[in-house]
file target-v8.cif (mmCIF, N, CA and C atoms and all ligand atoms)
data_work
loop_
_atom_site.label_atom_id
_atom_site.label_comp_id
_atom_site.auth_asym_id
_atom_site.auth_seq_id
_atom_site.Cartn_x
_atom_site.Cartn_y
_atom_site.Cartn_z
N MET A 29 115.38 102.52 91.93
CA MET A 29 114.86 101.50 92.85
C MET A 29 115.26 100.10 92.40
N VAL A 30 115.15 99.87 91.11
CA VAL A 30 115.54 98.56 90.58
C VAL A 30 117.01 98.29 90.89
N GLN A 31 117.81 99.38 90.76
CA GLN A 31 119.22 99.24 91.02
C GLN A 31 119.49 98.92 92.50
N ILE A 32 118.75 99.57 93.38
CA ILE A 32 118.90 99.30 94.81
C ILE A 32 118.60 97.85 95.10
N GLN A 33 117.52 97.36 94.50
CA GLN A 33 117.16 95.98 94.75
C GLN A 33 118.21 95.00 94.23
N ALA A 34 118.80 95.33 93.10
CA ALA A 34 119.87 94.49 92.56
C ALA A 34 121.05 94.45 93.52
N CYS A 35 121.38 95.60 94.11
CA CYS A 35 122.48 95.66 95.08
C CYS A 35 122.12 94.86 96.33
N MET A 36 120.88 94.98 96.77
CA MET A 36 120.47 94.26 97.97
C MET A 36 120.58 92.76 97.76
N TYR A 37 120.34 92.34 96.52
CA TYR A 37 120.47 90.93 96.20
C TYR A 37 121.92 90.46 96.43
N GLN A 38 122.87 91.32 96.08
CA GLN A 38 124.28 90.99 96.33
C GLN A 38 124.53 90.80 97.83
N TYR A 39 123.93 91.66 98.63
CA TYR A 39 124.13 91.56 100.08
C TYR A 39 123.52 90.28 100.63
N SER A 40 122.34 89.93 100.14
CA SER A 40 121.73 88.71 100.66
C SER A 40 122.53 87.48 100.24
N ARG A 41 123.05 87.49 99.02
CA ARG A 41 123.91 86.37 98.58
C ARG A 41 125.16 86.28 99.44
N ALA A 42 125.73 87.43 99.77
CA ALA A 42 126.96 87.45 100.57
C ALA A 42 126.72 86.85 101.96
N ILE A 43 125.59 87.23 102.57
CA ILE A 43 125.28 86.67 103.89
C ILE A 43 125.08 85.16 103.76
N TYR A 44 124.31 84.79 102.75
CA TYR A 44 124.02 83.37 102.55
C TYR A 44 125.31 82.56 102.36
N ARG A 45 126.20 83.08 101.51
CA ARG A 45 127.45 82.36 101.26
C ARG A 45 128.28 82.19 102.52
N SER A 46 128.22 83.19 103.41
CA SER A 46 129.07 83.13 104.59
C SER A 46 128.53 82.17 105.66
N ILE A 47 127.27 81.76 105.53
CA ILE A 47 126.72 80.88 106.58
C ILE A 47 126.16 79.55 106.06
N LYS A 48 126.07 79.39 104.75
CA LYS A 48 125.38 78.20 104.23
C LYS A 48 126.05 76.88 104.65
N ASP A 49 127.36 76.89 104.84
CA ASP A 49 128.03 75.66 105.21
C ASP A 49 127.96 75.37 106.71
N LEU A 50 127.33 76.27 107.43
CA LEU A 50 127.22 76.07 108.88
C LEU A 50 125.90 75.40 109.27
N VAL A 51 124.99 75.20 108.30
CA VAL A 51 123.70 74.60 108.67
C VAL A 51 123.91 73.24 109.32
N ASP A 52 122.96 72.88 110.13
CA ASP A 52 123.02 71.66 110.93
C ASP A 52 123.57 70.48 110.14
N PRO A 53 124.75 69.97 110.48
CA PRO A 53 125.35 68.86 109.72
C PRO A 53 124.75 67.51 110.07
N TYR A 54 123.91 67.44 111.10
CA TYR A 54 123.38 66.14 111.53
C TYR A 54 122.01 65.81 110.98
N VAL A 55 121.55 66.59 109.99
CA VAL A 55 120.27 66.26 109.35
C VAL A 55 120.58 65.53 108.04
N ASP A 56 119.59 64.82 107.49
CA ASP A 56 119.85 64.12 106.23
C ASP A 56 120.03 65.14 105.10
N PRO A 57 120.70 64.70 104.00
CA PRO A 57 121.07 65.66 102.93
C PRO A 57 119.89 66.46 102.39
N GLU A 58 118.73 65.79 102.25
CA GLU A 58 117.58 66.49 101.71
C GLU A 58 117.14 67.62 102.63
N THR A 59 117.10 67.32 103.92
CA THR A 59 116.73 68.35 104.89
C THR A 59 117.75 69.48 104.88
N GLY A 60 119.01 69.11 104.71
CA GLY A 60 120.06 70.13 104.64
C GLY A 60 119.85 71.09 103.50
N ILE A 61 119.45 70.55 102.34
CA ILE A 61 119.16 71.39 101.17
C ILE A 61 117.99 72.31 101.46
N GLU A 62 116.95 71.74 102.10
CA GLU A 62 115.77 72.53 102.45
C GLU A 62 116.15 73.65 103.44
N TYR A 63 116.98 73.32 104.41
CA TYR A 63 117.44 74.31 105.38
C TYR A 63 118.13 75.47 104.66
N ARG A 64 119.02 75.13 103.73
CA ARG A 64 119.75 76.18 103.00
C ARG A 64 118.80 77.05 102.20
N ARG A 65 117.81 76.39 101.60
CA ARG A 65 116.82 77.14 100.81
C ARG A 65 116.07 78.14 101.71
N GLN A 66 115.70 77.68 102.89
CA GLN A 66 114.99 78.55 103.83
C GLN A 66 115.86 79.72 104.27
N VAL A 67 117.14 79.43 104.48
CA VAL A 67 118.07 80.47 104.92
C VAL A 67 118.22 81.52 103.82
N LEU A 68 118.39 81.07 102.57
CA LEU A 68 118.53 82.00 101.46
C LEU A 68 117.28 82.86 101.31
N GLU A 69 116.12 82.22 101.44
CA GLU A 69 114.86 82.94 101.30
C GLU A 69 114.73 84.01 102.38
N ALA A 70 115.10 83.65 103.61
CA ALA A 70 115.00 84.61 104.72
C ALA A 70 115.94 85.80 104.48
N CYS A 71 117.16 85.51 103.97
CA CYS A 71 118.11 86.59 103.67
C CYS A 71 117.52 87.52 102.61
N GLU A 72 116.94 86.92 101.57
CA GLU A 72 116.39 87.73 100.47
C GLU A 72 115.20 88.56 100.93
N GLN A 73 114.35 87.96 101.76
CA GLN A 73 113.19 88.70 102.25
C GLN A 73 113.61 89.88 103.12
N THR A 74 114.64 89.65 103.94
CA THR A 74 115.12 90.73 104.81
C THR A 74 115.64 91.88 103.96
N MET A 75 116.42 91.56 102.92
CA MET A 75 117.01 92.60 102.07
C MET A 75 115.93 93.32 101.25
N GLU A 76 114.96 92.56 100.83
CA GLU A 76 113.85 93.14 100.06
C GLU A 76 113.10 94.16 100.93
N ARG A 77 112.87 93.76 102.17
CA ARG A 77 112.14 94.66 103.07
C ARG A 77 112.98 95.89 103.40
N LEU A 78 114.30 95.67 103.56
CA LEU A 78 115.19 96.81 103.81
C LEU A 78 115.15 97.79 102.65
N ALA A 79 115.11 97.26 101.44
CA ALA A 79 115.14 98.11 100.25
C ALA A 79 113.84 98.87 100.05
N THR A 80 112.71 98.26 100.45
CA THR A 80 111.43 98.92 100.19
C THR A 80 110.94 99.73 101.37
N ASP A 81 111.40 99.38 102.58
CA ASP A 81 110.83 100.02 103.76
C ASP A 81 111.92 100.29 104.81
N PRO A 82 113.01 100.95 104.41
CA PRO A 82 114.18 101.02 105.31
C PRO A 82 113.90 101.75 106.62
N LEU A 83 113.00 102.72 106.60
CA LEU A 83 112.80 103.55 107.79
C LEU A 83 111.92 102.87 108.84
N TYR A 84 111.24 101.83 108.43
CA TYR A 84 110.30 101.20 109.35
C TYR A 84 110.71 99.78 109.71
N PHE A 85 111.93 99.43 109.43
CA PHE A 85 112.41 98.09 109.72
C PHE A 85 113.41 98.18 110.87
N ALA A 86 112.91 97.96 112.09
CA ALA A 86 113.78 98.07 113.27
C ALA A 86 114.56 96.77 113.47
N LYS A 87 115.82 96.89 113.80
CA LYS A 87 116.69 95.75 114.11
C LYS A 87 116.60 94.61 113.09
N PRO A 88 116.90 94.92 111.82
CA PRO A 88 116.79 93.87 110.80
C PRO A 88 117.73 92.69 111.04
N GLU A 89 118.92 92.97 111.63
CA GLU A 89 119.85 91.85 111.83
C GLU A 89 119.30 90.88 112.86
N ARG A 90 118.61 91.42 113.86
CA ARG A 90 118.03 90.55 114.87
C ARG A 90 116.87 89.75 114.30
N ALA A 91 116.06 90.42 113.47
CA ALA A 91 114.91 89.75 112.86
C ALA A 91 115.38 88.59 111.98
N LEU A 92 116.42 88.84 111.19
CA LEU A 92 116.92 87.79 110.30
C LEU A 92 117.51 86.63 111.10
N PHE A 93 118.30 86.95 112.12
CA PHE A 93 118.91 85.90 112.92
C PHE A 93 117.84 85.05 113.60
N GLN A 94 116.80 85.70 114.13
CA GLN A 94 115.71 84.94 114.76
C GLN A 94 115.03 84.01 113.77
N ASP A 95 114.93 84.46 112.52
CA ASP A 95 114.27 83.66 111.48
C ASP A 95 115.06 82.41 111.12
N ILE A 96 116.37 82.50 111.16
CA ILE A 96 117.18 81.40 110.60
C ILE A 96 117.96 80.60 111.64
N ARG A 97 118.01 81.06 112.88
CA ARG A 97 118.88 80.39 113.86
C ARG A 97 118.55 78.92 114.05
N ARG A 98 117.27 78.56 113.88
CA ARG A 98 116.88 77.17 114.10
C ARG A 98 117.51 76.20 113.10
N TYR A 99 118.05 76.70 111.99
CA TYR A 99 118.66 75.82 111.01
C TYR A 99 120.13 75.53 111.30
N PHE A 100 120.64 76.11 112.37
CA PHE A 100 122.06 75.95 112.68
C PHE A 100 122.25 75.31 114.05
N PRO A 101 123.34 74.50 114.18
CA PRO A 101 123.59 73.89 115.48
C PRO A 101 124.03 74.95 116.50
N ILE A 102 123.87 74.61 117.78
CA ILE A 102 124.24 75.52 118.87
C ILE A 102 125.66 76.06 118.68
N THR A 103 126.55 75.17 118.27
CA THR A 103 127.96 75.54 118.17
C THR A 103 128.22 76.59 117.09
N ALA A 104 127.28 76.74 116.14
CA ALA A 104 127.50 77.71 115.05
C ALA A 104 126.73 79.01 115.26
N GLN A 105 125.91 79.08 116.31
CA GLN A 105 125.02 80.23 116.51
C GLN A 105 125.78 81.57 116.56
N ALA A 106 126.87 81.59 117.32
CA ALA A 106 127.60 82.85 117.48
C ALA A 106 128.16 83.31 116.13
N GLN A 107 128.68 82.36 115.38
CA GLN A 107 129.26 82.69 114.07
C GLN A 107 128.18 83.18 113.10
N VAL A 108 127.03 82.53 113.15
CA VAL A 108 125.92 82.94 112.28
C VAL A 108 125.45 84.35 112.66
N ALA A 109 125.29 84.57 113.96
CA ALA A 109 124.85 85.89 114.44
C ALA A 109 125.83 86.97 113.98
N TRP A 110 127.10 86.67 114.06
CA TRP A 110 128.12 87.63 113.66
C TRP A 110 128.03 87.91 112.16
N ALA A 111 127.94 86.84 111.35
CA ALA A 111 127.89 87.00 109.88
C ALA A 111 126.64 87.78 109.47
N VAL A 112 125.52 87.47 110.11
CA VAL A 112 124.27 88.17 109.80
C VAL A 112 124.40 89.65 110.15
N SER A 113 124.95 89.91 111.33
CA SER A 113 125.10 91.29 111.77
C SER A 113 126.03 92.09 110.84
N GLU A 114 127.16 91.46 110.45
CA GLU A 114 128.08 92.12 109.51
C GLU A 114 127.40 92.43 108.17
N GLY A 115 126.72 91.42 107.64
CA GLY A 115 126.09 91.55 106.32
C GLY A 115 124.98 92.58 106.32
N VAL A 116 124.14 92.54 107.36
CA VAL A 116 123.02 93.47 107.42
C VAL A 116 123.52 94.89 107.68
N THR A 117 124.55 95.01 108.50
CA THR A 117 125.12 96.35 108.75
C THR A 117 125.64 96.96 107.45
N ALA A 118 126.31 96.14 106.65
CA ALA A 118 126.82 96.63 105.36
C ALA A 118 125.66 97.05 104.45
N ALA A 119 124.61 96.24 104.44
CA ALA A 119 123.44 96.56 103.60
C ALA A 119 122.77 97.85 104.08
N CYS A 120 122.68 98.01 105.41
CA CYS A 120 122.05 99.21 105.97
C CYS A 120 122.87 100.45 105.63
N ALA A 121 124.19 100.32 105.68
CA ALA A 121 125.05 101.45 105.33
C ALA A 121 124.81 101.85 103.88
N PHE A 122 124.67 100.85 103.03
CA PHE A 122 124.39 101.12 101.62
C PHE A 122 123.05 101.84 101.46
N ILE A 123 122.03 101.33 102.14
CA ILE A 123 120.69 101.95 102.07
C ILE A 123 120.75 103.39 102.56
N GLU A 124 121.46 103.59 103.68
CA GLU A 124 121.57 104.96 104.22
C GLU A 124 122.22 105.90 103.22
N SER A 125 123.25 105.41 102.54
CA SER A 125 123.93 106.26 101.54
C SER A 125 122.96 106.57 100.40
N GLN A 126 122.11 105.62 100.09
CA GLN A 126 121.12 105.84 99.03
C GLN A 126 120.06 106.85 99.46
N ILE A 127 119.67 106.78 100.74
CA ILE A 127 118.69 107.74 101.25
C ILE A 127 119.29 109.15 101.21
N GLU A 128 120.57 109.25 101.66
CA GLU A 128 121.24 110.55 101.63
C GLU A 128 121.38 111.08 100.21
N ALA A 129 121.61 110.18 99.28
CA ALA A 129 121.75 110.59 97.88
C ALA A 129 120.40 110.92 97.24
N GLY A 130 119.34 110.72 98.01
CA GLY A 130 118.02 111.11 97.51
C GLY A 130 117.30 110.04 96.72
N ALA A 131 117.83 108.81 96.76
CA ALA A 131 117.22 107.75 95.97
C ALA A 131 115.80 107.43 96.43
N PHE A 132 115.52 107.79 97.69
CA PHE A 132 114.20 107.46 98.21
C PHE A 132 113.22 108.63 98.15
N ASP A 133 113.69 109.82 97.75
CA ASP A 133 112.71 110.90 97.53
C ASP A 133 112.67 111.24 96.05
N GLY A 134 111.77 112.10 95.73
CA GLY A 134 111.66 112.54 94.34
C GLY A 134 111.32 111.41 93.41
N GLY A 135 112.35 110.70 92.99
CA GLY A 135 112.14 109.62 92.04
C GLY A 135 111.19 108.57 92.57
N VAL A 136 111.27 108.33 93.87
CA VAL A 136 110.41 107.32 94.46
C VAL A 136 109.20 108.00 95.07
N SER A 137 108.03 107.53 94.73
CA SER A 137 106.83 108.17 95.24
C SER A 137 106.56 107.74 96.67
N ARG A 138 105.73 108.53 97.33
CA ARG A 138 105.29 108.22 98.69
C ARG A 138 103.86 107.74 98.67
N CYS A 139 103.51 107.00 99.66
CA CYS A 139 102.13 106.55 99.81
C CYS A 139 101.20 107.75 99.83
N ARG A 140 100.07 107.63 99.15
CA ARG A 140 99.16 108.78 99.02
C ARG A 140 98.17 108.90 100.16
N ALA A 141 98.24 107.98 101.09
CA ALA A 141 97.27 108.00 102.19
C ALA A 141 97.62 109.08 103.22
N THR A 142 96.64 109.41 104.04
CA THR A 142 96.84 110.31 105.16
C THR A 142 96.72 109.47 106.43
N THR A 143 97.64 109.68 107.36
CA THR A 143 97.62 108.88 108.58
C THR A 143 96.48 109.34 109.50
N ARG A 144 96.25 108.56 110.55
CA ARG A 144 95.20 108.92 111.49
C ARG A 144 95.46 110.29 112.13
N LYS A 145 96.72 110.68 112.21
CA LYS A 145 97.04 111.98 112.79
C LYS A 145 96.88 113.11 111.77
N GLY A 146 96.49 112.78 110.57
CA GLY A 146 96.23 113.79 109.56
C GLY A 146 97.45 114.20 108.76
N LYS A 147 98.57 113.45 108.95
CA LYS A 147 99.78 113.77 108.20
C LYS A 147 99.90 112.82 107.01
N PRO A 148 100.57 113.30 105.94
CA PRO A 148 100.74 112.39 104.81
C PRO A 148 101.60 111.18 105.21
N CYS A 149 101.21 110.02 104.78
CA CYS A 149 101.98 108.80 105.06
C CYS A 149 103.30 108.90 104.29
N GLN A 150 104.42 108.60 104.96
CA GLN A 150 105.74 108.73 104.33
C GLN A 150 106.27 107.41 103.79
N ARG A 151 105.49 106.38 103.89
CA ARG A 151 106.02 105.07 103.52
C ARG A 151 106.10 104.88 102.00
N THR A 152 106.92 103.92 101.63
CA THR A 152 107.10 103.62 100.20
C THR A 152 105.94 102.77 99.71
N PRO A 153 105.34 103.17 98.60
CA PRO A 153 104.22 102.37 98.09
C PRO A 153 104.69 101.00 97.60
N LEU A 154 103.78 100.10 97.48
CA LEU A 154 104.07 98.80 96.88
C LEU A 154 104.45 99.02 95.43
N PRO A 155 105.20 98.09 94.82
CA PRO A 155 105.60 98.28 93.42
C PRO A 155 104.38 98.56 92.53
N ASP A 156 104.49 99.60 91.72
CA ASP A 156 103.42 99.98 90.77
C ASP A 156 102.11 100.37 91.43
N ARG A 157 102.15 100.70 92.71
CA ARG A 157 100.92 101.09 93.40
C ARG A 157 101.08 102.49 93.99
N ASP A 158 99.96 103.04 94.44
CA ASP A 158 99.99 104.38 95.03
C ASP A 158 100.04 104.33 96.55
N TYR A 159 99.86 103.15 97.11
CA TYR A 159 99.78 103.05 98.57
C TYR A 159 100.76 102.03 99.14
N CYS A 160 101.15 102.25 100.40
CA CYS A 160 102.05 101.34 101.08
C CYS A 160 101.28 100.10 101.56
N PRO A 161 102.01 99.09 102.08
CA PRO A 161 101.31 97.87 102.53
C PRO A 161 100.20 98.14 103.55
N SER A 162 100.40 99.13 104.45
CA SER A 162 99.38 99.40 105.47
C SER A 162 98.14 100.05 104.90
N HIS A 163 98.28 100.72 103.75
CA HIS A 163 97.15 101.47 103.20
C HIS A 163 96.67 100.89 101.87
N GLN A 164 97.12 99.70 101.55
CA GLN A 164 96.79 99.19 100.21
C GLN A 164 95.29 98.98 100.02
N HIS A 165 94.54 98.82 101.14
CA HIS A 165 93.09 98.64 101.01
C HIS A 165 92.43 99.88 100.39
N LEU A 166 93.06 101.07 100.58
CA LEU A 166 92.50 102.31 100.01
C LEU A 166 92.52 102.26 98.48
N GLU A 167 93.59 101.66 97.97
CA GLU A 167 93.75 101.58 96.52
C GLU A 167 92.65 100.73 95.90
N THR A 168 92.43 99.58 96.49
CA THR A 168 91.40 98.67 95.98
C THR A 168 90.07 99.41 95.91
N ARG A 169 89.79 100.16 97.00
CA ARG A 169 88.52 100.89 97.06
C ARG A 169 88.41 101.91 95.93
N SER A 170 89.50 102.72 95.72
CA SER A 170 89.42 103.76 94.71
C SER A 170 89.34 103.15 93.31
N ARG A 171 89.96 101.99 93.15
CA ARG A 171 89.90 101.36 91.83
C ARG A 171 88.51 100.84 91.54
N VAL A 172 87.90 100.29 92.57
CA VAL A 172 86.54 99.78 92.41
C VAL A 172 85.60 100.95 92.07
N ALA A 173 85.80 102.07 92.79
CA ALA A 173 84.96 103.26 92.58
C ALA A 173 85.13 103.79 91.16
N ALA A 174 86.36 103.76 90.64
CA ALA A 174 86.64 104.26 89.30
C ALA A 174 86.22 103.20 88.28
ZN ZN B 201 100.64 104.47 103.70
#

call {"tool": "encode", "arguments": {"input": "target-v8.cif", "output": "structure tokens"}}
result
Amino acid sequence: MVQIQACMYQYSRAIYRSIKDLVDPYVDPETGIEYRRQVLEACEQTMERLATDPLYFAKPERALFQDIRRYFPITAQAQVAWAVSEGVTAACAFIESQIEAGAFDGGVSRCRATTRKGKPCQRTPLPDRDYCPSHQHLETRSRVAA
């Protein structure tokens, strides 16, 4: 898992590098730096979520583009959308290969909760936890009880 996250970091850097110079050139330099910081953070968050919750993240390239498009001028939107789509597609292909290789089963535990339908929850637990983000309240309860 640590290795997957390290790889995802490479993908987020690659996306960031391909679009950082396209941020709105008509803002003052300080705002430009802040814009870039926001863009990098959004790329990293997207990759982090892909790495921890790949099966439940629908249309990640669209989500990332929606998050960052406001930092770019109209004239750069198409190029940004393309770069984001390329980068996220590459990251998704990597994640899929990892899922096929079994990186997400066995070694990685599953959330211990049972869903409302009575089936075991298949989501990835939070780091060092037994439950996924949707069921993390169960953990707090069992810890308090213990
Ligand atoms: Zn769960």

call {"tool": "atom_distance", "arguments": {"input": "target-v8.cif", "atom1": "atom N of A:Tyr84", "atom2": "atom CA of A:Ala111"}}
result
22.3 Å

call {"tool": "residues_around", "arguments": {"input": "target-v8.cif", "residues": "stretch 138-153 of chain A", "least_positions_apart": "5", "cutoff": "8 Å", "atoms": "all atoms listed in the file", "output": "list in words"}}
result
Thr80, Asp81, Pro82, Leu83, Tyr84, Phe132, Asp133, Asp158, Tyr159, Cys160, Pro161, His163 and Leu166 of chain A

call {"tool": "atom_distance", "arguments": {"input": "target-v8.cif", "atom1": "atom C of A:Gln107", "atom2": "atom CA of A:Tyr54"}}
result
17.8 Å

call {"tool": "residues_around", "arguments": {"input": "target-v8.cif", "residues": "stretch 33-41 of chain A", "least_positions_apart": "5", "cutoff": "7 Å", "atoms": "only C-alpha atoms", "output": "number ranges by chain"}}
result
A: 71-72, 75-76, 79, 115, 119

call {"tool": "atom_distance", "arguments": {"input": "target-v8.cif", "atom1": "atom CA of A:Gln94", "atom2": "atom CA of A:Ile61"}}
result
19.5 Å

call {"tool": "select_by_dssp", "arguments": {"input": "target-v8.cif", "residues": "stretch 35-139 of chain A", "states": "alpha helix (DSSP H)", "output": "PyMOL selection string"}}
result
chain A and resi 35-47+57-80+88-96+105-128

call {"tool": "closest_residue", "arguments": {"input": "target-v8.cif", "among": "A:Gln164, A:Arg77, A:Ala118, A:Lys48", "to": "ligand ZN 201 (chain B)", "atoms": "all atoms listed in the file"}}
result
A:Gln164

call {"tool": "residues_around", "arguments": {"input": "target-v8.cif", "residues": "A:Leu50", "least_positions_apart": "3", "cutoff": "9 Å", "atoms": "only C-alpha atoms", "output": "ChimeraX atom specification"}}
result
/A:46-47,53,99-101,104-105,107-108

call {"tool": "closest_residue", "arguments": {"input": "target-v8.cif", "among": "A:Ser162, A:Thr74, A:Cys120, A:Glu167", "to": "ligand ZN 201 (chain B)", "atoms": "all atoms listed in the file"}}
result
A:Ser162

call {"tool": "axis_aligned_box", "arguments": {"input": "target-v8.cif", "around": "stretch 122-128 of chain A", "padding_each_side": "5 Å", "output": "lines of an AutoDock Vina configuration file"}}
result
center_x = 121.7
center_y = 106.0
center_z = 101.6
size_x = 16.0
size_y = 20.2
size_z = 15.2
